[in-house]
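Reproduced below: model_10.cif, with mmCIF, C-alpha atoms and all ligand atoms.
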```cif
data_target
#
loop_
_atom_site.group_PDB
_atom_site.id
_atom_site.type_symbol
_atom_site.label_atom_id
_atom_site.label_comp_id
_atom_site.auth_asym_id
_atom_site.auth_seq_id
_atom_site.Cartn_x
_atom_site.Cartn_y
_atom_site.Cartn_z
ATOM 1 C CA MET A 13 1.889 18.875 -20.798
ATOM 2 C CA LEU A 14 1.250 15.143 -20.634
ATOM 3 C CA ASN A 15 0.170 13.433 -17.422
ATOM 4 C CA PHE A 16 2.542 10.555 -16.551
ATOM 5 C CA ASP A 17 1.691 7.907 -13.964
ATOM 6 C CA LEU A 18 4.531 5.389 -13.921
ATOM 7 C CA HIS A 19 3.860 3.519 -10.669
ATOM 8 C CA CYS A 20 0.687 1.741 -9.526
ATOM 9 C CA HIS A 21 -0.682 -1.673 -8.613
ATOM 10 C CA SER A 22 -3.419 -4.095 -9.643
ATOM 11 C CA ASN A 23 -4.759 -7.174 -7.876
ATOM 12 C CA ILE A 24 -2.028 -9.167 -9.630
ATOM 13 C CA SER A 25 0.005 -7.884 -6.670
ATOM 14 C CA ASP A 26 -1.432 -5.903 -3.743
ATOM 15 C CA GLY A 27 -3.730 -3.476 -5.544
ATOM 16 C CA MET A 28 -7.505 -3.793 -5.272
ATOM 17 C CA LEU A 29 -8.561 -3.461 -8.931
ATOM 18 C CA THR A 30 -7.932 -5.742 -11.911
ATOM 19 C CA PRO A 31 -5.360 -4.537 -14.470
ATOM 20 C CA ALA A 32 -8.195 -3.629 -16.875
ATOM 21 C CA LEU A 33 -9.948 -1.550 -14.209
ATOM 22 C CA VAL A 34 -6.711 0.226 -13.280
ATOM 23 C CA ALA A 35 -6.238 1.122 -16.970
ATOM 24 C CA THR A 36 -9.817 2.374 -17.192
ATOM 25 C CA ARG A 37 -9.442 4.489 -14.055
ATOM 26 C CA ALA A 38 -6.119 5.916 -15.261
ATOM 27 C CA LYS A 39 -7.744 6.959 -18.545
ATOM 28 C CA ALA A 40 -10.790 8.433 -16.792
ATOM 29 C CA ASN A 41 -8.494 10.424 -14.491
ATOM 30 C CA GLY A 42 -6.645 12.002 -17.409
ATOM 31 C CA VAL A 43 -3.439 9.954 -17.429
ATOM 32 C CA ASP A 44 -1.720 10.110 -20.856
ATOM 33 C CA VAL A 45 1.241 7.747 -20.296
ATOM 34 C CA TRP A 46 0.777 4.868 -17.905
ATOM 35 C CA ALA A 47 2.787 2.021 -16.377
ATOM 36 C CA LEU A 48 1.419 -0.759 -14.190
ATOM 37 C CA THR A 49 4.192 -1.740 -11.752
ATOM 38 C CA ASP A 50 3.002 -4.746 -9.778
ATOM 39 C CA HIS A 51 5.305 -6.070 -7.059
ATOM 40 C CA ASP A 52 7.641 -8.853 -8.267
ATOM 41 C CA GLU A 53 5.215 -9.855 -11.026
ATOM 42 C CA VAL A 54 4.638 -9.173 -14.726
ATOM 43 C CA GLY A 55 1.468 -11.300 -15.011
ATOM 44 C CA GLY A 56 -0.803 -8.262 -15.344
ATOM 45 C CA ILE A 57 1.027 -6.668 -18.245
ATOM 46 C CA ALA A 58 -0.715 -8.387 -21.181
ATOM 47 C CA VAL A 59 -4.208 -7.317 -20.105
ATOM 48 C CA ALA A 60 -2.991 -3.887 -18.966
ATOM 49 C CA ARG A 61 -1.365 -3.221 -22.343
ATOM 50 C CA ALA A 62 -4.347 -4.503 -24.340
ATOM 51 C CA THR A 63 -6.788 -2.386 -22.334
ATOM 52 C CA ALA A 64 -4.568 0.690 -22.591
ATOM 53 C CA GLU A 65 -4.402 0.251 -26.367
ATOM 54 C CA GLU A 66 -8.197 -0.013 -26.585
ATOM 55 C CA LEU A 67 -8.555 3.160 -24.551
ATOM 56 C CA GLY A 68 -5.883 5.142 -26.401
ATOM 57 C CA LEU A 69 -3.652 5.314 -23.323
ATOM 58 C CA ARG A 70 0.116 5.210 -24.005
ATOM 59 C CA TYR A 71 1.470 2.167 -22.215
ATOM 60 C CA VAL A 72 4.859 1.547 -20.601
ATOM 61 C CA THR A 73 5.767 -1.920 -19.286
ATOM 62 C CA GLY A 74 6.744 -1.941 -15.630
ATOM 63 C CA VAL A 75 7.454 -3.882 -12.470
ATOM 64 C CA GLU A 76 8.417 -3.053 -8.858
ATOM 65 C CA ILE A 77 11.048 -5.417 -7.453
ATOM 66 C CA SER A 78 11.495 -6.085 -3.711
ATOM 67 C CA VAL A 79 15.142 -5.775 -2.657
ATOM 68 C CA THR A 80 16.985 -6.138 0.632
ATOM 69 C CA TRP A 81 19.764 -3.585 1.019
ATOM 70 C CA ALA A 82 21.632 -2.782 4.251
ATOM 71 C CA GLY A 83 19.031 -4.746 6.196
ATOM 72 C CA GLN A 84 16.038 -2.819 4.859
ATOM 73 C CA THR A 85 13.523 -3.389 2.088
ATOM 74 C CA VAL A 86 14.048 -1.128 -0.905
ATOM 75 C CA HIS A 87 11.829 -1.124 -3.992
ATOM 76 C CA ILE A 88 13.281 -0.819 -7.478
ATOM 77 C CA VAL A 89 10.935 -0.019 -10.344
ATOM 78 C CA GLY A 90 11.800 -1.254 -13.826
ATOM 79 C CA LEU A 91 10.310 0.679 -16.746
ATOM 80 C CA ARG A 92 10.272 -0.238 -20.454
ATOM 81 C CA ILE A 93 11.280 -3.804 -19.667
ATOM 82 C CA ASP A 94 10.834 -6.710 -22.039
ATOM 83 C CA GLU A 95 8.547 -8.634 -19.695
ATOM 84 C CA THR A 96 9.301 -11.893 -21.521
ATOM 85 C CA ASN A 97 13.055 -11.720 -20.796
ATOM 86 C CA ALA A 98 14.000 -15.124 -19.351
ATOM 87 C CA ALA A 99 16.383 -13.920 -16.612
ATOM 88 C CA LEU A 100 13.887 -11.289 -15.452
ATOM 89 C CA VAL A 101 11.016 -13.789 -15.407
ATOM 90 C CA GLN A 102 13.120 -16.287 -13.438
ATOM 91 C CA GLY A 103 14.421 -13.637 -11.033
ATOM 92 C CA LEU A 104 10.886 -12.438 -10.289
ATOM 93 C CA ALA A 105 9.695 -16.021 -9.757
ATOM 94 C CA ASP A 106 12.554 -16.560 -7.278
ATOM 95 C CA THR A 107 11.702 -13.296 -5.505
ATOM 96 C CA ARG A 108 8.005 -14.274 -5.194
ATOM 97 C CA ASN A 109 8.924 -17.724 -4.037
ATOM 98 C CA GLY A 110 9.526 -16.956 -0.358
ATOM 99 C CA ARG A 111 6.223 -15.139 0.095
ATOM 100 C CA GLU A 112 4.056 -18.098 1.084
ATOM 101 C CA ARG A 113 6.528 -19.291 3.746
ATOM 102 C CA ARG A 114 6.788 -15.752 5.095
ATOM 103 C CA ALA A 115 2.991 -15.404 5.163
ATOM 104 C CA ARG A 116 2.625 -18.630 7.144
ATOM 105 C CA ASP A 117 5.240 -17.362 9.614
ATOM 106 C CA MET A 118 3.427 -14.024 9.878
ATOM 107 C CA ALA A 119 0.149 -15.851 10.606
ATOM 108 C CA ALA A 120 1.873 -17.928 13.312
ATOM 109 C CA GLN A 121 3.174 -14.722 14.932
ATOM 110 C CA LEU A 122 -0.251 -13.093 14.788
ATOM 111 C CA GLU A 123 -1.838 -16.161 16.349
ATOM 112 C CA LYS A 124 0.397 -15.652 19.377
ATOM 113 C CA VAL A 125 -1.276 -12.288 19.954
ATOM 114 C CA GLY A 126 -4.747 -13.766 19.542
ATOM 115 C CA ILE A 127 -5.416 -13.165 15.838
ATOM 116 C CA VAL A 128 -6.401 -16.500 14.369
ATOM 117 C CA GLY A 129 -6.873 -17.615 10.771
ATOM 118 C CA ALA A 130 -4.780 -14.797 9.309
ATOM 119 C CA PHE A 131 -3.152 -16.885 6.573
ATOM 120 C CA GLU A 132 -6.472 -18.141 5.192
ATOM 121 C CA GLY A 133 -8.036 -14.737 5.820
ATOM 122 C CA ALA A 134 -5.318 -12.876 3.937
ATOM 123 C CA LEU A 135 -5.564 -15.397 1.088
ATOM 124 C CA ARG A 136 -9.207 -14.467 0.592
ATOM 125 C CA HIS A 137 -8.017 -10.949 -0.319
ATOM 126 C CA VAL A 138 -5.387 -12.174 -2.749
ATOM 127 C CA GLY A 139 -5.879 -11.859 -6.518
ATOM 128 C CA ASN A 140 -2.770 -13.908 -7.337
ATOM 129 C CA PRO A 141 -1.917 -16.794 -4.995
ATOM 130 C CA ASP A 142 1.789 -16.373 -5.853
ATOM 131 C CA LEU A 143 1.741 -12.910 -4.417
ATOM 132 C CA ILE A 144 0.501 -12.830 -0.857
ATOM 133 C CA SER A 145 1.693 -9.607 0.752
ATOM 134 C CA ARG A 146 1.486 -7.720 4.019
ATOM 135 C CA THR A 147 -1.236 -5.597 2.418
ATOM 136 C CA HIS A 148 -3.521 -8.646 2.222
ATOM 137 C CA PHE A 149 -2.969 -9.309 5.926
ATOM 138 C CA ALA A 150 -3.765 -5.662 6.611
ATOM 139 C CA ARG A 151 -7.071 -5.953 4.726
ATOM 140 C CA TYR A 152 -7.974 -9.097 6.669
ATOM 141 C CA LEU A 153 -7.273 -7.401 10.016
ATOM 142 C CA VAL A 154 -9.421 -4.415 9.027
ATOM 143 C CA GLU A 155 -12.198 -6.791 7.936
ATOM 144 C CA GLN A 156 -11.955 -8.498 11.347
ATOM 145 C CA GLY A 157 -12.292 -5.164 13.125
ATOM 146 C CA VAL A 158 -8.800 -5.385 14.658
ATOM 147 C CA CYS A 159 -7.942 -1.919 13.300
ATOM 148 C CA ALA A 160 -9.907 0.810 11.547
ATOM 149 C CA ASP A 161 -7.680 1.007 8.470
ATOM 150 C CA THR A 162 -4.684 -0.654 6.843
ATOM 151 C CA LYS A 163 -2.295 2.117 7.871
ATOM 152 C CA THR A 164 -3.055 1.414 11.531
ATOM 153 C CA VAL A 165 -2.573 -2.319 10.957
ATOM 154 C CA PHE A 166 0.896 -1.654 9.543
ATOM 155 C CA ALA A 167 1.823 0.636 12.419
ATOM 156 C CA ASN A 168 0.707 -1.857 15.076
ATOM 157 C CA TYR A 169 1.334 -5.278 13.560
ATOM 158 C CA LEU A 170 3.241 -5.465 10.310
ATOM 159 C CA ILE A 171 6.408 -3.399 10.612
ATOM 160 C CA GLU A 172 9.718 -4.258 12.227
ATOM 161 C CA GLY A 173 9.415 -4.657 15.986
ATOM 162 C CA LYS A 174 5.673 -5.457 15.825
ATOM 163 C CA PRO A 175 4.174 -8.909 16.451
ATOM 164 C CA GLY A 176 3.241 -9.838 12.879
ATOM 165 C CA TYR A 177 6.543 -8.811 11.298
ATOM 166 C CA VAL A 178 8.798 -11.488 9.849
ATOM 167 C CA THR A 179 12.273 -10.663 8.566
ATOM 168 C CA HIS A 180 12.637 -11.595 4.930
ATOM 169 C CA ARG A 181 15.456 -11.542 2.426
ATOM 170 C CA TRP A 182 14.393 -10.280 -0.998
ATOM 171 C CA ALA A 183 16.545 -9.931 -4.132
ATOM 172 C CA SER A 184 19.855 -8.061 -3.943
ATOM 173 C CA LEU A 185 20.102 -4.559 -5.389
ATOM 174 C CA GLU A 186 22.623 -5.790 -7.938
ATOM 175 C CA GLN A 187 20.296 -8.595 -9.057
ATOM 176 C CA ALA A 188 17.231 -6.380 -9.398
ATOM 177 C CA VAL A 189 19.050 -3.690 -11.379
ATOM 178 C CA GLY A 190 20.737 -6.408 -13.457
ATOM 179 C CA TRP A 191 17.421 -8.098 -14.337
ATOM 180 C CA ILE A 192 15.899 -4.770 -15.349
ATOM 181 C CA LEU A 193 18.846 -3.654 -17.491
ATOM 182 C CA GLY A 194 19.159 -7.164 -18.972
ATOM 183 C CA ALA A 195 15.510 -6.871 -20.039
ATOM 184 C CA GLY A 196 16.262 -3.567 -21.795
ATOM 185 C CA GLY A 197 14.656 -1.452 -19.084
ATOM 186 C CA ILE A 198 15.414 1.573 -16.928
ATOM 187 C CA ALA A 199 15.965 1.020 -13.189
ATOM 188 C CA VAL A 200 14.342 3.554 -10.839
ATOM 189 C CA ILE A 201 14.643 3.774 -7.042
ATOM 190 C CA ALA A 202 11.028 3.833 -5.858
ATOM 191 C CA HIS A 203 9.920 6.345 -3.184
ATOM 192 C CA PRO A 204 13.394 6.962 -1.664
ATOM 193 C CA GLY A 205 11.798 9.140 1.010
ATOM 194 C CA ARG A 206 10.204 6.090 2.616
ATOM 195 C CA TYR A 207 13.456 4.428 3.676
ATOM 196 C CA LYS A 208 14.859 4.875 7.177
ATOM 197 C CA PHE A 209 18.522 5.178 6.218
ATOM 198 C CA SER A 210 21.133 7.498 7.671
ATOM 199 C CA LEU A 211 22.620 10.124 5.349
ATOM 200 C CA VAL A 212 25.706 7.954 4.926
ATOM 201 C CA GLU A 213 23.594 4.924 4.027
ATOM 202 C CA PHE A 214 21.542 6.971 1.559
ATOM 203 C CA GLY A 215 24.760 8.131 -0.090
ATOM 204 C CA ALA A 216 25.961 4.535 -0.339
ATOM 205 C CA LEU A 217 22.594 3.398 -1.748
ATOM 206 C CA PHE A 218 22.654 6.040 -4.498
ATOM 207 C CA ASP A 219 26.318 5.311 -5.309
ATOM 208 C CA CYS A 220 25.805 1.518 -5.458
ATOM 209 C CA PHE A 221 22.645 1.894 -7.511
ATOM 210 C CA ARG A 222 24.453 4.123 -10.003
ATOM 211 C CA ASP A 223 27.462 1.743 -10.122
ATOM 212 C CA TYR A 224 25.131 -1.143 -11.001
ATOM 213 C CA GLY A 225 23.658 0.903 -13.857
ATOM 214 C CA GLY A 226 20.622 2.472 -12.183
ATOM 215 C CA THR A 227 19.745 5.840 -13.728
ATOM 216 C CA ALA A 228 16.548 7.206 -12.162
ATOM 217 C CA ILE A 229 14.731 7.904 -8.892
ATOM 218 C CA GLU A 230 11.144 8.735 -8.093
ATOM 219 C CA VAL A 231 10.803 12.347 -7.046
ATOM 220 C CA VAL A 232 7.056 12.960 -7.110
ATOM 221 C CA THR A 233 5.165 9.933 -5.799
ATOM 222 C CA GLY A 234 2.068 9.247 -3.733
ATOM 223 C CA SER A 235 4.470 7.603 -1.283
ATOM 224 C CA HIS A 236 6.262 10.920 -0.591
ATOM 225 C CA PHE A 237 4.965 13.762 1.483
ATOM 226 C CA PRO A 238 4.786 16.903 -0.677
ATOM 227 C CA ASN A 239 7.710 18.463 1.244
ATOM 228 C CA GLN A 240 9.865 15.551 0.033
ATOM 229 C CA TYR A 241 9.389 16.388 -3.664
ATOM 230 C CA GLU A 242 12.007 19.150 -3.550
ATOM 231 C CA GLU A 243 14.273 17.098 -1.269
ATOM 232 C CA TYR A 244 14.515 14.273 -3.815
ATOM 233 C CA ALA A 245 14.617 16.715 -6.714
ATOM 234 C CA ARG A 246 17.872 17.932 -5.143
ATOM 235 C CA VAL A 247 19.117 14.338 -4.895
ATOM 236 C CA ALA A 248 18.285 13.754 -8.571
ATOM 237 C CA ARG A 249 20.145 16.911 -9.618
ATOM 238 C CA HIS A 250 23.125 16.100 -7.374
ATOM 239 C CA TYR A 251 23.564 12.512 -8.629
ATOM 240 C CA GLY A 252 22.477 13.204 -12.184
ATOM 241 C CA PHE A 253 19.521 10.822 -11.880
ATOM 242 C CA LEU A 254 16.553 11.028 -14.219
ATOM 243 C CA ALA A 255 13.323 11.854 -12.379
ATOM 244 C CA SER A 256 10.210 9.683 -12.372
ATOM 245 C CA CYS A 257 6.725 10.086 -10.957
ATOM 246 C CA GLY A 258 3.797 7.849 -10.119
ATOM 247 C CA SER A 259 0.842 7.702 -7.770
ATOM 248 C CA ASP A 260 1.677 4.298 -6.211
ATOM 249 C CA PHE A 261 -2.105 3.837 -6.343
ATOM 250 C CA HIS A 262 -3.343 0.605 -4.700
ATOM 251 C CA GLY A 263 -7.097 1.159 -4.460
ATOM 252 C CA PRO A 264 -9.795 3.827 -4.194
ATOM 253 C CA SER A 265 -10.205 3.459 -0.436
ATOM 254 C CA GLU A 266 -6.525 3.004 0.420
ATOM 255 C CA SER A 267 -4.505 5.523 -1.504
ATOM 256 C CA ARG A 268 -4.035 9.180 -0.655
ATOM 257 C CA ILE A 269 -3.211 9.997 -4.286
ATOM 258 C CA ASP A 270 -5.428 8.685 -7.062
ATOM 259 C CA LEU A 271 -4.138 7.671 -10.495
ATOM 260 C CA GLY A 272 -3.007 10.771 -12.378
ATOM 261 C CA GLY A 273 -3.409 12.925 -9.280
ATOM 262 C CA LEU A 274 0.159 14.127 -8.756
ATOM 263 C CA PRO A 275 1.570 17.592 -9.477
ATOM 264 C CA PRO A 276 4.248 17.948 -12.208
ATOM 265 C CA LEU A 277 7.943 17.336 -11.508
ATOM 266 C CA PRO A 278 9.811 20.296 -9.998
ATOM 267 C CA PRO A 279 11.802 22.396 -12.490
ATOM 268 C CA GLY A 280 15.399 21.672 -13.454
ATOM 269 C CA LEU A 281 15.044 17.884 -13.671
ATOM 270 C CA LYS A 282 15.490 15.562 -16.619
ATOM 271 C CA PRO A 283 12.384 13.346 -16.687
ATOM 272 C CA VAL A 284 12.844 9.614 -17.123
ATOM 273 C CA TRP A 285 10.792 9.941 -20.340
ATOM 274 C CA HIS A 286 13.048 12.677 -21.841
ATOM 275 C CA ASP A 287 14.045 10.474 -24.815
ATOM 276 C CA TRP A 288 10.859 8.398 -25.255
ATOM 277 C CA ASP A 289 9.224 8.789 -28.689
ATOM 278 C CA MET A 290 5.834 7.958 -27.229
ATOM 279 C CA ALA A 291 6.123 10.868 -24.807
ATOM 280 C CA ALA A 292 6.140 13.438 -27.590
ATOM 281 C CA ALA A 293 2.970 15.475 -27.074
HETATM 282 P P1 LIG B 1 5.261 -6.744 1.228
HETATM 283 O O1 LIG B 1 5.847 -6.693 -0.154
HETATM 284 O O2 LIG B 1 4.428 -7.963 1.452
HETATM 285 O O3 LIG B 1 6.283 -6.534 2.307
HETATM 286 O O4 LIG B 1 4.230 -5.536 1.341
HETATM 287 C C1 LIG B 1 4.668 -4.228 1.093
HETATM 288 C C2 LIG B 1 3.477 -3.356 0.754
HETATM 289 O O5 LIG B 1 2.793 -2.998 1.935
HETATM 290 C C3 LIG B 1 3.884 -2.037 0.130
HETATM 291 O O6 LIG B 1 4.046 -2.175 -1.252
HETATM 292 C C4 LIG B 1 2.712 -1.153 0.458
HETATM 293 O O7 LIG B 1 1.677 -1.360 -0.483
HETATM 294 C C5 LIG B 1 2.243 -1.692 1.782
HETATM 295 N N1 LIG B 1 2.730 -0.888 2.918
HETATM 296 C C6 LIG B 1 3.971 -0.866 3.420
HETATM 297 N N2 LIG B 1 4.046 -0.040 4.500
HETATM 298 C C7 LIG B 1 2.797 0.452 4.663
HETATM 299 C C8 LIG B 1 2.190 1.370 5.604
HETATM 300 N N3 LIG B 1 2.905 1.892 6.603
HETATM 301 N N4 LIG B 1 0.882 1.636 5.459
HETATM 302 C C9 LIG B 1 0.147 1.072 4.475
HETATM 303 N N5 LIG B 1 0.655 0.216 3.562
HETATM 304 C C10 LIG B 1 1.955 -0.081 3.654
HETATM 305 MN MN MN B 2 2.207 -2.338 -2.398
HETATM 306 MN MN MN B 3 6.922 0.326 -3.071
HETATM 307 MN MN MN B 4 4.361 0.459 -5.267
#
```

Write out the structure in this file as structure tokens.
Amino acid sequence: MLNFDLHCHSNISDGMLTPALVATRAKANGVDVWALTDHDEVGGIAVARATAEELGLRYVTGVEISVTWAGQTVHIVGLRIDETNAALVQGLADTRNGRERRARDMAAQLEKVGIVGAFEGALRHVGNPDLISRTHFARYLVEQGVCADTKTVFANYLIEGKPGYVTHRWASLEQAVGWILGAGGIAVIAHPGRYKFSLVEFGALFDCFRDYGGTAIEVVTGSHFPNQYEEYARVARHYGFLASCGSDFHGPSESRIDLGGLPPLPPGLKPVWHDWDMAAA
């Protein structure tokens, strides 16, 4: 059976390694079919694809789009996209656009609780100045000794209700799915188990997503606890969604699951790759 890892990040978004190093690590870890899915950005794809080809790793184009739905951030992964599609490229540029303003506002909030220089500090951790994210702030605060690890920074500073959190409006669900489908891709709800929705809201999310043309959800992901694999397998079976999997790897010292390190999908699911030629063993 092939090892699929269809969700991870490079330093073109908030990962720690370059796209070439992520490809190399995926290969070394036994991944057979790989997608790089940087947040709101396709700038890493050319190098990722070229490196994968050199290494004999089957490559799938990908992206992870930030969406605001029912007042919460939801991530939608696009797989097998044409990354040169004009509407997709423009939509991603628009989605990235608010990040600098938001980062400056976050830094101003953090300054009020005595953490100075966070904007410049976070920027030093950024690999792509267009994509400053909360993760870069988290790395700066760890570097400054404010918290022991990035998880603790998020819990104490960077989530809703905490001093460094700034409300932000990302793309709409309809836009993100539309850009992905318009670029010939498959839309996948990333790590559904991470969202704090009620059962009714979850039902509405899955219905809306399907109405817009979304066809897949992540079931096995490094962003789920293992007891959530079966929970979202049931959701996939119930809604007729294809099932995807990916480590959501960000860096060797930050991610619980390494590239290629996930168990196989639970039985009775149709994998998102069920009709991909390249996925034939
Ligand atoms: P942003 O797009 O700037 O809001 O940053 C979101 C990113 O922060 C996610 O893609 C994760 O990589 C990271 N993240 C979100 N929540 C947490 C958490 N609780 N612990 C560690 N990292 C997190
Ligand atoms: Mn991330
Ligand atoms: Mn995500
Ligand atoms: Mn991710």

Within-9 Å residues of ligand LIG 1 (chain B), basis all atoms listed in the file, as a PyMOL selection string:
chain A and resi 21+25-27+50-52+76+78+85+87+111+114-115+143-150+161-167+170-171+180+206+260-262+266-267

Between A:Leu18, A:Val128, A:Ile77, A:Met13, which residue has the minimum interatomic distance to ligand MN 3 (chain B), considering all atoms listed in the file?
A:Ile77

Range 226-235 of chain A environment, 6 Å, only C-alpha atoms, sequence neighbours closer than 3 positions dropped, as a count of residues only:
19

Smallest atom-to-atom distance to ligand MN 4 (chain B): which of A:Val89, A:Cys220, A:Leu14, A:Leu153, using all atoms listed in the file?
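Going through A:Val89, A:Cys220, A:Leu14, A:Leu153 one by one, the smallest distance to ligand MN 4 (chain B) is for A:Val89.
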
One decimal, in Å: what's the spacing between CA of Ile93 in chain A and CA of Leu193 in chain A?
7.9 Å

Around all of range 90-97 of chain A's listed atoms, make the axis-aligned box with 8 Å on each side and tell me centre and edge lengths in Å to one decimal, as lines of an AutoDock Vina configuration file.
```
center_x = 10.8
center_y = -5.6
center_z = -17.9
size_x = 20.5
size_y = 28.6
size_z = 24.2
```
